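Below is one structure, written out as C-alpha cells; comments come after it.
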2 protein chains.
Amino acid sequence: MTETFVIVGGDAAGMSAASKAKRDDPDLEVVVFEKGEWVSYGACGLPYYVKGEIQSLEDLVSVTPEEFREKRDIDLRTGHEVVDIDPDARTVTAESDDGDVVQSYDHLLIATGAEAVVPSIEGTDREGVYTLGSMSDGKELREYVARARGDESFHQPDRGPACRYLEDCTGPVGVVGGGYIGIEMAEALTANGFEVHLFQRGDRVLTGFSEATSEEVAAHLREQDVIVHLGSEVRELAGGDDESVTAVVTDDDRYPVEMVLLGTGVAPRTALAENAGVELGPTGAIATDADRETNVPDVYAAGDCAEATHVVTDEPTYAPLALTANRHGRAVGQTVTGRPTDGGGIAGTAALKAFEVEAARTGVLDHEVAREAGFDPVTETITAKSRAGYYPAGGDVTITLTADRETGRVLGGCLVSEYGEGAVHRSHAIVGALEEGATVFDLENYDLAYAPPFNTTWDPVLVAAKVLGGKLR
Amino acid sequence: MTETFVIVGGDAAGMSAASKAKRDDPDLEVVVFEKGEWVSYGACGLPYYVKGEIQSLEDLVSVTPEEFREKRDIDLRTGHEVVDIDPDARTVTAESDDGDVVQSYDHLLIATGAEAVVPSIEGTDREGVYTLGSMSDGKELREYVARARGDESFHQPDRGPACRYLEDCTGPVGVVGGGYIGIEMAEALTANGFEVHLFQRGDRVLTGFSEATSEEVAAHLREQDVIVHLGSEVRELAGGDDESVTAVVTDDDRYPVEMVLLGTGVAPRTALAENAGVELGPTGAIATDADRETNVPDVYAAGDCAEATHVVTDEPTYAPLALTANRHGRAVGQTVTGRPTDGGGIAGTAALKAFEVEAARTGVLDHEVAREAGFDPVTETITAKSRAGYYPAGGDVTITLTADRETGRVLGGCLVSEYGEGAVHRSHAIVGALEEGATVFDLENYDLAYAPPFNTTWDPVLVAAKVLGGKLR
C-alpha cells in the first residue's frame with residue numbers, strides 16, 4: 001500500500017524533505033501544507049531585496065509551487081494552515097479558504113519554522129513598525145522604502161524626504177537589535193538614503209561573535225553613517241495621533257523616527273507540535289533524536305522549529321539557520337523512505353556581510369558555555385594580512401580562536417575582514433577542525449592552499465592556531 | 001656549553017628554523033650560510049614582480065638580513081656557499097669571497113631548496129632563455145620586460161615592438177610548461193603586451209589538477225589571448241648567429257620568438273647532502289623521519305630539498321611548496337631546542353591565480369596513485385553557483401572530489417572559479433576533511449558558514465560531497 005508523508009510547512013526543511021523523499025521513493029505520496037503562498041524561498045535574501053539589489057520577490061524563490069507539483073510530483077497545498085495534529089488517528093487537519101481538510105499520514109514532518117520575536121514594549125503595533133521574517137514582511141518593507149524614496153508627500157513636511165538622493169535628506173529610521181537582521185537591514189536602509197539609528201541592548205553588536213568582530217563591525221557601521229547606540233534598551237515606540245510610530249524611546253533619550261525595524265531575534269513556532277503532545281527541549285524548540293524524530297512516533301521535526309545537537313558541546317542547541325533546515329529536512333526525507341539518516345550536528349556557524357566587512361563565527365566562543373560543557377577554554381585573537389604583504393591588494397583578517405586548555409581541542413572561531421578578503425570562506429577550515437574534534441596543533445599543521453593573491457604562506461587561520469597553540473603548551 | 005645550530009640555505013625552511021630555534025632557546029648559537037645575497041624571500045611573488053604589480057624586488061623580502069642579524073641575533077652569513085659537510089667531524093665548510101670557513105655544529109639543517117629544471121634539449125643556453133627560480137632570475141626577467149617595452153632598439157626591426165601598448169605589437173615569446181610558473185608567467189607577459197605561446201607537452205595544462213580545472217584554465221588562457229599549444233613537445237630552442245633565441249621548435253612546427261621562459265618544474269638540490277652520506281628517498285629528494293631528521297644523526301632536512309609524508313597515501317612525496325618549507329623549518333627549529341616536533345604531513349595542496357580564474361587542488365586526484373595506496377577511487381565533478389542565485393554577483397565553482405568507494409574517505413579535491421569567487425579558500429574545507437581522514441558523508445554534514453553574498457545554502461563543497469556520496473551508497 002502506498003504510504004503518505006505529510007509535511008507541515010513549505011520552506012527550507014519542509015521542501016527539502018519533500019523533494020528528497022519523492023526522489024528516493026517515487027511511490028511515496030508526499031503532501032505539503034503551507035499556510036502562505038510562498039514556498040522554498042530564500043529568506044536570507046530579504047535584506048538585499050529591501051535594499052534594492054534584488055529586483056523581484058520571485059527571484060528569492062528557488063523552486064516554484066508549480067515546479068514542485070508538476071515536475072516533482074509533490075502534492076503541495078498552499079493557503080492551507082494545519083491547525084491540529086492527531087497522533088493517535090495519525091491525521092492532520094488543515095484550514096483553507098475552501099474549507100477544512102483532514103489528511104492521514106504514515107510519517108509526519110513538522111517544519112513550522114520560526115517567527116520574529118516582538119519585544120514586549122509599548123508601541124510595537126504602531127504603523128511603521130516592521131519585522132523581517134517572511135516574504136510579506138519583505139514586500140511591505142520594500143514598499144515602505146519605495147514610498148519614502150519616491151513619494152515626497154509621504155514625508156512629514158518638517159523632516160523632508162527620506163532619501164539621501166533628494167535634497168535635505170534626514171528621514172531617520174530606527175533599527176532595534178544588532179544581530180544579523182538588524183545589521184543587514186541597517187545596510188539596506190542606509191543604501192537607500194535613510195539616516196539609521198541602530199539600538200542594541202547589550203554593550204556590543206553581534207553578541208554571538210567575538211568581541212573583536214563586534215568592535216570592528218560597530219566601527220564600520222559608524223564609518224558608514226549608521227548611528228549605533230550600544231547599551232541602549234528600547235522602552236517604547238512612541239507615536240502620533242494617527243497611531244504611526246514617531247519616536248524610539250530609550251532609557252536615556254527619545255529619537256524621532258519615521259519607521260522602526262525590529263530585529264530582535266526569532267523564536268520557534270511550536271504551538272501546533274505542543275498541542276499534539278510533542279515535547280520541547282531545554283532551548284524551547286522541539287526536541288528530536290539524531291534522526292529528527294520527536295517523542296511521538298513517526299512525527300519528525302526539522303528546521304527553525306527544532307533543536308539540534310551541537311558538535312562541540314554535544315548538547316541540544318537552538319541555532320535556526322538555513323543550512324541546518326535544508327540538511328535536516330533532507331535527512332528526514334531519506335529516513336522516511338527507509339534509510340534512517342542522521343543529518344549531522346550543528347556548529348552554530350553563521351556568516352554576515354555588513355557593508356564592506358564580512359564575518360563568520362563557528363563553534364563555542366563563550367567561555368561560560370564552554371565550561372558548562374566540561375572544557376577549560378583559552379582564547380587568542382590575532383590580526384594578520386589577508387594576502388601576501390607584497391601583493392597589490394588585501395587587508396587584515398582578525399581571527400579569534402578558542403580551544404580547550406588540556407586537550408588543545410578547537411572549540412570555536414570567529415573571523416572578520418574587509419568584504420572580499422575571505423573571513424567567511426576561511427572559516428571553513430575551522431569548521432572542519434570542529435567537526436572532526438581536531439586540536440589547534442592539528443589545525444596548525446593543515447596543508448592549506450597558498451598563493452600570494454589569496455593569503456600569506458601561513459594562512460591567517462594557521463597563524464591563529466600557532467599562536468593559540470603556543471599559549472597552551 | 002653553548003650548542004650550535006648550523007643551517008645551510010637562508011630561504012623559507014632555513015630562516016624559519018633559525019628564527020624559531022633562537023626564539024625558543026636564546027642561548028643557542030644559530031649560524032646560517034646562504035650562498036646568495038637574498039634570504040627569506042617570497043619566490044611565489046616573482047611572477048607578480050615581473051608583471052609589474054610589485055615594484056621592488058626588496059618588497060618580496062619578509063625579513064632583511066640586517067633584521068635577522070640585529071633583531072633576531074642570528075649569525076647570518078650571506079655570500080657563503082657550503083661546499084662540504086663532514087658528519088664525523090660535525091663540521092661544514094663554506095666558501096666565500098673572504099675565503100673558506102669551517103664551522104662546527106651540534107645540529108645541522110640542510111635547507112638547500114630546489115632549482116629550476118632545464119630540459120635536455122638544444123638551445124637552452126641561448127641568450128633570451130630564462131627560468132624563474134631565484135631572485136636574480138626575477139630581476140633578469142623584469143629587466144627583459146622593461147627593455148622590450150621601453151627600448152625599441154631591442155626589438156628586431158621585422159617584428160616591431162613587443163608591447164601591445166605600442167603600434168604593430170607582435171613580440172611573440174614562448175613559455176615552455178603549463179604548470180604554475182608557466183601560467184603565472186603567461187599572465188605576467190601578456191599583461192605587458194607580449195604575444196605568448198605556451199607549450200605544454202601533455203594534453204592538458206596543470207596536470208596535477210582535475211581535468212575540469214585544466215580545461216577551464218586553458219580556455220581562459222585562450223580568452224586572454226595566450227596561444228596554448230597542448231601535446232606540444234619542444235625539441236629545440238633555435239637561435240640566430242648572435243646566439244640569442246629566435247624560435248621554439250616543436251615536433252610539428254617552428255614558432256618565432258624573441259624570448260623563452262622555461263617553466264618545466266623544479267628538482268631538489270641534493271648534491272651536498274648526498275656527498276655527506278645523507279640518503280635520498282624514492283622521490284629523489286632527501287628522506288627524513290617525521291621530525292625531519294635524515295639517516296645521519298643530528299642532520300635534518302626541510303623545505304624544497306626534502307620529501308614529506310602525504311597525509312592520504314602515507315607515502316613519501318615530493319611537493320616543494322612554501323608552506324611546507326616554513327612549517328617543517330619551524331618544526332626543526334623546535335626539535336633542535338629539545339622539543340621534538342613532527343611538523344605534520346603534506347596534502348599536496350596548491351593554489352593558482354591565472355588571469356581572472358582561481359584554482360586549488362589538494363590530496364590525491366590521480367586514480368593510479370590512489371590505487372597504489374590501496375584505495376578504490378571514485379570521482380565526481382559538479383558545477384554550482386558561487387553565491388545565492390538571486391544575489392547580484394557571483395559565478396560558477398566547479399569542484400572535483402575523489403573518495404574511496406568502500407570507506408567513503410575523502411582522498412582529494414580540486415576547485416576552480418572566477419577570481420574572487422572562492423575556489424581557493426573553499427578548498428580549506430576539503431583540506432580539513434583530508435587531514436582528519438573524514439568521509440564524504442562527514443563532509444556533506446559540515447556546518448559551513450552561509451550567507452547569500454558568500455555562497456548558496458549548500459556551499460558548492462557540500463554539493464560535491466552530496467553528489468559523490470550519492471554515488472558511493
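Within each chain, counting starts at residue 1; across the C-alpha cells, chains are named A, B, ... in the order shown, with ligands numbered 1 upward in that order.
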
TODO: Find the residues in chain A near chain B: any atom within 6 Å counts, using only C-alpha atoms. Write them as a ChimeraX atom specification.
DONE: /A:59,323,344,346-347,349-351,390,425-426,428-429,432,445,447-451,457

Next, dump the selected residues to file, keeping only C-alpha atoms, as a PDB file, in the first residue's frame.
ATOM      1  CA  ASP A  59      13.832  35.901  -7.514  1.00  0.00           C
ATOM      2  CA  LEU A 323      21.727  25.147   6.026  1.00  0.00           C
ATOM      3  CA  GLY A 344      24.640  15.626  11.434  1.00  0.00           C
ATOM      4  CA  ILE A 346      25.416  21.825  14.106  1.00  0.00           C
ATOM      5  CA  ALA A 347      28.351  24.027  14.959  1.00  0.00           C
ATOM      6  CA  THR A 349      28.204  28.530  12.172  1.00  0.00           C
ATOM      7  CA  ALA A 350      26.982  31.836  10.796  1.00  0.00           C
ATOM      8  CA  ALA A 351      28.177  34.427   8.302  1.00  0.00           C
ATOM      9  CA  TYR A 390      53.802  42.474  -1.239  1.00  0.00           C
ATOM     10  CA  HIS A 425      35.400  31.084   3.390  1.00  0.00           C
ATOM     11  CA  ARG A 426      38.437  30.794   5.625  1.00  0.00           C
ATOM     12  CA  HIS A 428      35.593  26.504   6.510  1.00  0.00           C
ATOM     13  CA  ALA A 429      38.975  25.342   7.834  1.00  0.00           C
ATOM     14  CA  GLY A 432      36.395  21.199   9.525  1.00  0.00           C
ATOM     15  CA  ASN A 445      49.663  21.668  10.503  1.00  0.00           C
ATOM     16  CA  ASP A 447      48.301  21.935   4.494  1.00  0.00           C
ATOM     17  CA  LEU A 448      46.085  24.800   3.373  1.00  0.00           C
ATOM     18  CA  ALA A 449      46.266  26.197  -0.123  1.00  0.00           C
ATOM     19  CA  TYR A 450      48.596  29.139  -0.556  1.00  0.00           C
ATOM     20  CA  ALA A 451      49.410  31.581  -3.315  1.00  0.00           C
ATOM     21  CA  THR A 457      52.244  31.450   3.321  1.00  0.00           C
TER      22      THR A 457
END

TODO: Excluding region 122-132 of chain B and residues on its chain fewer than 3 positions from it, collect all residues at most 7 Å away from it, counting only C-alpha atoms, and give them as a ChimeraX atom specification.
DONE: /B:116,137-138,236-238,243-245,258-263

I need the residues from that last selection saved to file as a compact mmCIF listing (two decimals), in the first residue's frame (with N, CA and C atoms), if you can.
# COMPACT_ATOMS: atom_id res chain seq x y z
N ALA B 116 65.33 25.23 -10.73
CA ALA B 116 64.53 25.05 -11.94
C ALA B 116 65.17 23.97 -12.81
N ASP B 137 66.85 35.50 -11.12
CA ASP B 137 66.05 35.17 -12.31
C ASP B 137 64.96 36.21 -12.49
N GLY B 138 64.29 36.55 -11.39
CA GLY B 138 63.21 37.52 -11.45
C GLY B 138 63.71 38.86 -11.92
N GLU B 236 63.65 21.89 -29.61
CA GLU B 236 64.86 22.71 -29.71
C GLU B 236 64.49 24.18 -29.52
N LEU B 237 65.43 24.92 -28.95
CA LEU B 237 65.30 26.37 -28.95
C LEU B 237 66.33 26.87 -29.95
N ALA B 238 65.84 27.27 -31.11
CA ALA B 238 66.74 27.64 -32.20
C ALA B 238 67.19 29.09 -32.03
N GLU B 243 73.61 34.00 -31.21
CA GLU B 243 73.37 33.06 -30.10
C GLU B 243 72.12 33.38 -29.30
N SER B 244 71.33 34.37 -29.71
CA SER B 244 70.08 34.61 -28.99
C SER B 244 68.99 33.72 -29.58
N VAL B 245 68.02 33.40 -28.71
CA VAL B 245 66.95 32.50 -29.15
C VAL B 245 66.06 33.24 -30.15
N GLU B 258 61.08 35.91 -29.39
CA GLU B 258 62.24 36.72 -29.02
C GLU B 258 62.70 36.42 -27.60
N MET B 259 61.98 35.55 -26.93
CA MET B 259 62.36 35.17 -25.57
C MET B 259 61.67 33.86 -25.22
N VAL B 260 62.28 33.07 -24.34
CA VAL B 260 61.67 31.83 -23.88
C VAL B 260 61.80 31.74 -22.37
N LEU B 261 60.69 31.40 -21.72
CA LEU B 261 60.70 31.15 -20.28
C LEU B 261 60.48 29.66 -20.08
N LEU B 262 61.39 29.03 -19.38
CA LEU B 262 61.25 27.60 -19.10
C LEU B 262 60.55 27.42 -17.76
N GLY B 263 59.38 26.87 -17.80
CA GLY B 263 58.64 26.58 -16.57
C GLY B 263 58.43 25.08 -16.49

- [ ] May I have all residues of region 105-336 of chain B that DSSP, computed from the backbone, assigns to strand (DSSP E or B), given as a ChimeraX atom specification?
- [x] /B:107-110,114-116,122,127,129-131,172-176,195-199,227-229,234-239,244-250,254-256,260-262,266-268,280,286,293,299-301,306,308-310,316-317

Open item on the list: Taking 2 positions as the minimum chain separation for residues in the same chain, which residues sit within 6 Å of Ile286 (chain B) when counting only C-alpha atoms? Answer as a ChimeraX atom specification.
Closed with: /B:280-281,306-307

Kindly save the residues from that selection, with C-alpha atoms included, as a PDB file, in the first residue's frame.
ATOM      1  CA  LEU B 280      67.582  10.259  -0.691  1.00  0.00           C
ATOM      2  CA  GLY B 281      64.097   8.786  -0.762  1.00  0.00           C
ATOM      3  CA  ALA B 306      63.309  17.151   1.130  1.00  0.00           C
ATOM      4  CA  GLU B 307      60.453  14.691   0.945  1.00  0.00           C
TER       5      GLU B 307
END

TODO: May I ask for the distance between CA of Ile7 (chain A) and CA of Tyr318 (chain A), given in Å to one decimal place?
DONE: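 Value for the CA of Ile7 (chain A)-CA of Tyr318 (chain A) distance: 20.9 Å.
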
Task: Distance of CA of Leu365 (chain B) from CA of Val410 (chain B), expressed in Å to one decimal place - done: 10.1 Å

- [ ] Extract, using only C-alpha atoms, all DNA, RNA and protein residues at most 10 Å from region 250-256 of chain A, discarding same-chain residues fewer than 2 positions from it, and format them as a VMD selection string.
- [x] chain A and resid 159 171 to 174 197 199 201 229 231 to 239 245 to 248 258 to 259

Open item on the list: What parts of region 23-149 of chain B does DSSP call helix (DSSP H, G or I)? I'd like the answer as a PyMOL selection string.
Closed with: chain B and resi 23-24+43-51+57-60+65-70+135-149
